[in-house]
Amino acid sequence: MAHCWHSFCSCVTLKQLCLLTRTQTITFLPMEILGIIPARFASTRFPGKPLVEINGKSMIQRVYEQARQSALTDVVVATDDARILQHVQGFGGRAVMTASHHQSGTDRCFEAYQRCKAPFPYIVNIQGDEPFIRPEQIDLLISCFQNPQTQLATLVKKISTVEELFNVNAPKVVINQAREALYFSRQPIPYCRNVPNDIWHQQHTYYKHIGIYGYRADILEQITQLPPSSLELAESLEQLRWLEHGFRIATALTEFETIGIDTPEDLQRINGQG
């Protein structure tokens, strides 16, 4: 998907406790929030991708610097590889070593959280392969925790094309009237009966899941103790484990797309844009 370096966010940072969006300013109470960026060196499709260069900076440095522009109190990279640890420390970032056996970024986040001395009440899990993450998206996610009842939070974006709707690599989200997630699926839900597939997105509002998560610290500890669930295994979507065990996931609507780099071909397209 096309993206231009000139579209990188140049907004004001939110240390003054204001959340800026395209249409409004939302004032919220101060919160201590730790941002964690899981970064593994091993990858089946793209080994070593946190260290690959994107227009003069490594991918992990770009993610880190974008996250630091948000309202997060602190940001740390959670890795299982000394090369990534040393690289992050080399550009002035914070990083911690975590175990190599973790099956998910959530598990790695919890270990990194435990290794941090400060008792942060909230944690945000930022994908380490999304160098185009916007600070506004992180702050929008943080705003979900203004409601003290929020356990977990994530972002959604309206689907506007039939290609995206039927792309099994783009998980969809069904939400209720309170904007909490009811279900995540790789298939479109609901099924639009008696409507041609190519206009489903015109007959019903479908949402794509944007893979950034916020956790209340006590909830993060609980969900890392859960065994894999049947729905999770069927769809290969970790967040279904949380829903199936009765946890609630708040959602916030973003207008911005996130662009992940999963393969060397993705990187070539990005670097080719200058």
# chains A, B, ... in the order shown; residues from 1 in each chain; ligands from 1

call {"tool": "closest_atom_pairs", "arguments": {"of": "stretch 238-257 of chain A", "to": "stretch 100-119 of chain A", "cutoff": "12 Å", "atoms": "only C-alpha atoms", "output": "Markdown table"}}
result
| residue | atom | partner | partner_atom | distance |
| --- | --- | --- | --- | --- |
| A:Glu238 | CA | A:Ser104 | CA | 8.1 |
| A:Gln239 | CA | A:Thr106 | CA | 9.8 |
| A:Arg241 | CA | A:Thr106 | CA | 11.9 |
| A:Trp242 | CA | A:Thr106 | CA | 11.4 |

call {"tool": "residues_around", "arguments": {"residues": "stretch 44-46 of chain A", "least_positions_apart": "4", "cutoff": "7 Å", "atoms": "only C-alpha atoms", "output": "list in words"}}
result
Asp262, Thr263 and Pro264 of chain A

call {"tool": "write_last_selection", "arguments": {"atoms": "N, CA and C atoms", "output": "CSV table (one decimal), in the first residue's frame"}}
result
chain,number,residue,atom,x,y,z
A,262,ASP,N,6.3,-6.9,6.5
A,262,ASP,CA,6.4,-8.3,6.8
A,262,ASP,C,7.4,-9.1,6.0
A,263,THR,N,7.7,-8.5,4.8
A,263,THR,CA,8.6,-9.2,3.9
A,263,THR,C,9.6,-8.3,3.3
A,264,PRO,N,10.7,-8.8,2.7
A,264,PRO,CA,11.7,-7.9,2.0
A,264,PRO,C,11.0,-7.1,0.9

call {"tool": "closest_residue", "arguments": {"among": "A:Ile189, A:Val88, A:Ile133, A:Met31", "to": "A:Ala67", "atoms": "only C-alpha atoms"}}
result
A:Ile133

call {"tool": "select_by_dssp", "arguments": {"residues": "stretch 119-240 of chain A", "states": "strand (DSSP E)", "output": "PyMOL selection string"}}
result
chain A and resi 122-125+152-158+172-175+181-185+207-216

call {"tool": "residues_around", "arguments": {"residues": "A:Ala82", "least_positions_apart": "2", "cutoff": "12 Å", "atoms": "only C-alpha atoms", "output": "short mmCIF file (atom, residue, chain, number, x, y, z; two decimals) with all heavy atoms, in the first residue's frame"}}
result
data_model
loop_
_atom_site.label_atom_id
_atom_site.label_comp_id
_atom_site.auth_asym_id
_atom_site.auth_seq_id
_atom_site.Cartn_x
_atom_site.Cartn_y
_atom_site.Cartn_z
N ALA A 39 10.21 -6.83 19.83
CA ALA A 39 11.04 -6.89 18.62
C ALA A 39 11.90 -8.15 18.65
O ALA A 39 12.87 -8.22 19.41
CB ALA A 39 11.92 -5.65 18.52
N ARG A 40 11.52 -9.11 17.84
CA ARG A 40 12.28 -10.36 17.71
C ARG A 40 13.20 -10.27 16.50
O ARG A 40 12.85 -9.68 15.48
CB ARG A 40 11.35 -11.56 17.54
CG ARG A 40 10.47 -11.84 18.73
CD ARG A 40 9.45 -12.92 18.41
NE ARG A 40 10.07 -14.17 17.99
CZ ARG A 40 9.99 -14.69 16.76
NH1 ARG A 40 9.31 -14.04 15.81
NH2 ARG A 40 10.57 -15.83 16.47
N PHE A 41 14.37 -10.89 16.61
CA PHE A 41 15.27 -10.93 15.45
C PHE A 41 14.84 -12.03 14.49
O PHE A 41 14.85 -11.84 13.28
CB PHE A 41 16.72 -11.18 15.91
CG PHE A 41 17.72 -11.00 14.80
CD1 PHE A 41 18.29 -9.77 14.56
CD2 PHE A 41 18.10 -12.07 14.01
CE1 PHE A 41 19.22 -9.59 13.54
CE2 PHE A 41 19.02 -11.92 12.98
CZ PHE A 41 19.58 -10.67 12.74
N GLY A 48 15.67 -10.68 11.05
CA GLY A 48 16.40 -9.45 11.34
C GLY A 48 15.70 -8.17 10.95
O GLY A 48 16.33 -7.10 10.91
N LEU A 51 16.12 -4.45 12.38
CA LEU A 51 17.35 -3.70 12.13
C LEU A 51 17.51 -3.23 10.69
O LEU A 51 18.49 -2.56 10.37
CB LEU A 51 18.56 -4.55 12.53
CG LEU A 51 18.61 -5.00 14.00
CD1 LEU A 51 19.87 -5.81 14.27
CD2 LEU A 51 18.53 -3.79 14.94
N VAL A 77 11.86 -1.02 24.28
CA VAL A 77 11.85 -2.12 23.31
C VAL A 77 12.09 -3.41 24.07
O VAL A 77 13.02 -3.50 24.89
CB VAL A 77 12.93 -1.92 22.23
CG1 VAL A 77 13.02 -3.16 21.33
CG2 VAL A 77 12.63 -0.68 21.41
N ALA A 78 11.27 -4.42 23.83
CA ALA A 78 11.40 -5.73 24.47
C ALA A 78 11.91 -6.70 23.42
O ALA A 78 11.20 -7.02 22.46
CB ALA A 78 10.07 -6.19 25.04
N THR A 79 13.12 -7.19 23.58
CA THR A 79 13.72 -8.04 22.56
C THR A 79 14.30 -9.31 23.16
O THR A 79 14.44 -9.42 24.39
CB THR A 79 14.83 -7.29 21.80
OG1 THR A 79 15.29 -8.09 20.71
CG2 THR A 79 16.01 -6.93 22.71
N ASP A 80 14.63 -10.26 22.31
CA ASP A 80 15.29 -11.48 22.75
C ASP A 80 16.65 -11.64 22.09
O ASP A 80 17.23 -12.71 22.09
CB ASP A 80 14.42 -12.71 22.43
CG ASP A 80 14.17 -12.87 20.94
OD1 ASP A 80 14.55 -11.97 20.17
OD2 ASP A 80 13.58 -13.90 20.55
N ILE A 84 19.70 -6.37 18.74
CA ILE A 84 18.64 -5.36 18.81
C ILE A 84 18.80 -4.52 20.07
O ILE A 84 18.68 -3.29 20.04
CB ILE A 84 17.26 -6.02 18.76
CG1 ILE A 84 17.06 -6.74 17.41
CG2 ILE A 84 16.15 -4.99 18.99
CD1 ILE A 84 15.77 -7.52 17.30
N LEU A 85 19.11 -5.18 21.19
CA LEU A 85 19.32 -4.47 22.45
C LEU A 85 20.40 -3.40 22.30
O LEU A 85 20.20 -2.22 22.66
CB LEU A 85 19.71 -5.46 23.54
CG LEU A 85 19.99 -4.86 24.92
CD1 LEU A 85 18.69 -4.54 25.64
CD2 LEU A 85 20.84 -5.82 25.76
N GLN A 86 21.54 -3.80 21.75
CA GLN A 86 22.67 -2.87 21.60
C GLN A 86 22.34 -1.76 20.61
O GLN A 86 22.75 -0.60 20.81
CB GLN A 86 23.91 -3.64 21.16
CG GLN A 86 24.43 -4.60 22.21
CD GLN A 86 25.44 -5.60 21.67
OE1 GLN A 86 25.86 -5.52 20.51
NE2 GLN A 86 25.84 -6.55 22.51
N HIS A 87 21.63 -2.09 19.56
CA HIS A 87 21.26 -1.07 18.57
C HIS A 87 20.36 -0.02 19.18
O HIS A 87 20.57 1.19 18.97
CB HIS A 87 20.58 -1.73 17.38
CG HIS A 87 20.07 -0.75 16.36
ND1 HIS A 87 20.89 -0.06 15.50
CD2 HIS A 87 18.80 -0.32 16.08
CE1 HIS A 87 20.17 0.73 14.73
NE2 HIS A 87 18.90 0.60 15.07
N VAL A 88 19.35 -0.44 19.92
CA VAL A 88 18.42 0.51 20.53
C VAL A 88 19.16 1.40 21.53
O VAL A 88 18.98 2.62 21.55
CB VAL A 88 17.25 -0.23 21.21
CG1 VAL A 88 16.37 0.75 22.00
CG2 VAL A 88 16.41 -0.95 20.17
N GLN A 89 19.99 0.80 22.35
CA GLN A 89 20.77 1.58 23.31
C GLN A 89 21.71 2.53 22.59
O GLN A 89 21.97 3.64 23.06
CB GLN A 89 21.53 0.64 24.24
CG GLN A 89 20.62 -0.16 25.16
CD GLN A 89 21.37 -1.21 25.96
OE1 GLN A 89 22.46 -1.65 25.60
NE2 GLN A 89 20.77 -1.64 27.07
N GLY A 90 22.19 2.12 21.42
CA GLY A 90 23.11 2.94 20.64
C GLY A 90 22.49 4.23 20.13
O GLY A 90 23.19 5.25 20.00
N ALA A 95 15.84 -0.40 26.19
CA ALA A 95 15.53 -1.76 25.75
C ALA A 95 15.79 -2.72 26.90
O ALA A 95 16.65 -2.47 27.75
CB ALA A 95 16.36 -2.14 24.53
N VAL A 96 15.04 -3.82 26.90
CA VAL A 96 15.25 -4.87 27.89
C VAL A 96 15.29 -6.21 27.18
O VAL A 96 14.63 -6.41 26.16
CB VAL A 96 14.14 -4.88 28.96
CG1 VAL A 96 14.17 -3.60 29.78
CG2 VAL A 96 12.77 -5.10 28.34
N MET A 97 16.08 -7.12 27.72
CA MET A 97 16.13 -8.48 27.18
C MET A 97 15.00 -9.30 27.79
O MET A 97 14.73 -9.23 28.99
CB MET A 97 17.47 -9.13 27.51
CG MET A 97 18.62 -8.64 26.64
SD MET A 97 18.46 -9.14 24.90
CE MET A 97 18.76 -10.90 25.03
N THR A 98 14.35 -10.08 26.94
CA THR A 98 13.29 -10.97 27.38
C THR A 98 13.58 -12.37 26.84
O THR A 98 14.43 -12.56 25.97
CB THR A 98 11.91 -10.49 26.88
OG1 THR A 98 11.96 -10.33 25.46
CG2 THR A 98 11.53 -9.17 27.53
N ALA A 99 12.85 -13.34 27.34
CA ALA A 99 13.09 -14.73 26.96
C ALA A 99 12.75 -14.97 25.50
O ALA A 99 11.95 -14.26 24.89
CB ALA A 99 12.26 -15.66 27.84
N SER A 100 13.37 -16.00 24.93
CA SER A 100 13.15 -16.32 23.51
C SER A 100 11.96 -17.24 23.28
O SER A 100 11.56 -17.45 22.14
CB SER A 100 14.41 -16.98 22.94
OG SER A 100 14.71 -18.18 23.66
#

call {"tool": "residues_around", "arguments": {"residues": "A:Cys192", "least_positions_apart": "2", "cutoff": "12 Å", "atoms": "only C-alpha atoms", "output": "PyMOL selection string"}}
result
chain A and resi 188-190+194-206

call {"tool": "residues_around", "arguments": {"residues": "A:Gly214", "least_positions_apart": "5", "cutoff": "8 Å", "atoms": "only C-alpha atoms", "output": "NGL selection string"}}
result
:A and (122-125 or 141-142 or 152-154)

call {"tool": "write_last_selection", "arguments": {"atoms": "N, CA, C and O atoms", "output": "CSV table (one decimal), in the first residue's frame"}}
result
chain,number,residue,atom,x,y,z
A,122,TYR,N,-0.9,1.1,33.3
A,122,TYR,CA,-1.4,0.9,31.9
A,122,TYR,C,-0.2,0.6,31.0
A,122,TYR,O,0.9,1.2,31.2
A,123,ILE,N,-0.4,-0.3,30.0
A,123,ILE,CA,0.7,-0.7,29.1
A,123,ILE,C,0.1,-0.6,27.7
A,123,ILE,O,-1.0,-1.1,27.5
A,124,VAL,N,0.9,-0.1,26.7
A,124,VAL,CA,0.5,-0.1,25.3
A,124,VAL,C,1.5,-1.0,24.6
A,124,VAL,O,2.7,-0.8,24.7
A,125,ASN,N,1.0,-1.9,23.8
A,125,ASN,CA,1.8,-2.8,23.0
A,125,ASN,C,1.8,-2.3,21.5
A,125,ASN,O,0.8,-2.3,20.9
A,141,LEU,N,-5.8,5.4,21.4
A,141,LEU,CA,-5.9,4.2,22.2
A,141,LEU,C,-5.8,4.5,23.7
A,141,LEU,O,-6.6,4.0,24.5
A,142,ILE,N,-4.9,5.4,24.1
A,142,ILE,CA,-4.8,5.8,25.5
A,142,ILE,C,-6.1,6.3,26.0
A,142,ILE,O,-6.5,6.1,27.1
A,152,LEU,N,-9.1,-3.8,28.4
A,152,LEU,CA,-8.3,-3.9,27.2
A,152,LEU,C,-8.8,-3.0,26.1
A,152,LEU,O,-10.0,-2.6,26.1
A,153,ALA,N,-7.9,-2.5,25.2
A,153,ALA,CA,-8.4,-1.6,24.2
A,153,ALA,C,-7.6,-1.8,22.9
A,153,ALA,O,-6.4,-2.3,22.9
A,154,THR,N,-8.2,-1.5,21.8
A,154,THR,CA,-7.5,-1.6,20.5
A,154,THR,C,-8.2,-0.6,19.5
A,154,THR,O,-9.1,0.1,19.9

call {"tool": "residues_around", "arguments": {"residues": "stretch 232-237 of chain A", "least_positions_apart": "3", "cutoff": "9 Å", "atoms": "only C-alpha atoms", "output": "number ranges by chain"}}
result
A: 171, 184-186, 228-229, 240-242, 244

call {"tool": "closest_residue", "arguments": {"among": "A:Ile126, A:Ala71, A:Ile175, A:Ile261", "to": "A:His209", "atoms": "only C-alpha atoms"}}
result
A:Ile175

call {"tool": "closest_residue", "arguments": {"among": "A:Tyr191, A:Phe166, A:Tyr207, A:Phe145", "to": "A:Ile249", "atoms": "only C-alpha atoms"}}
result
A:Phe145
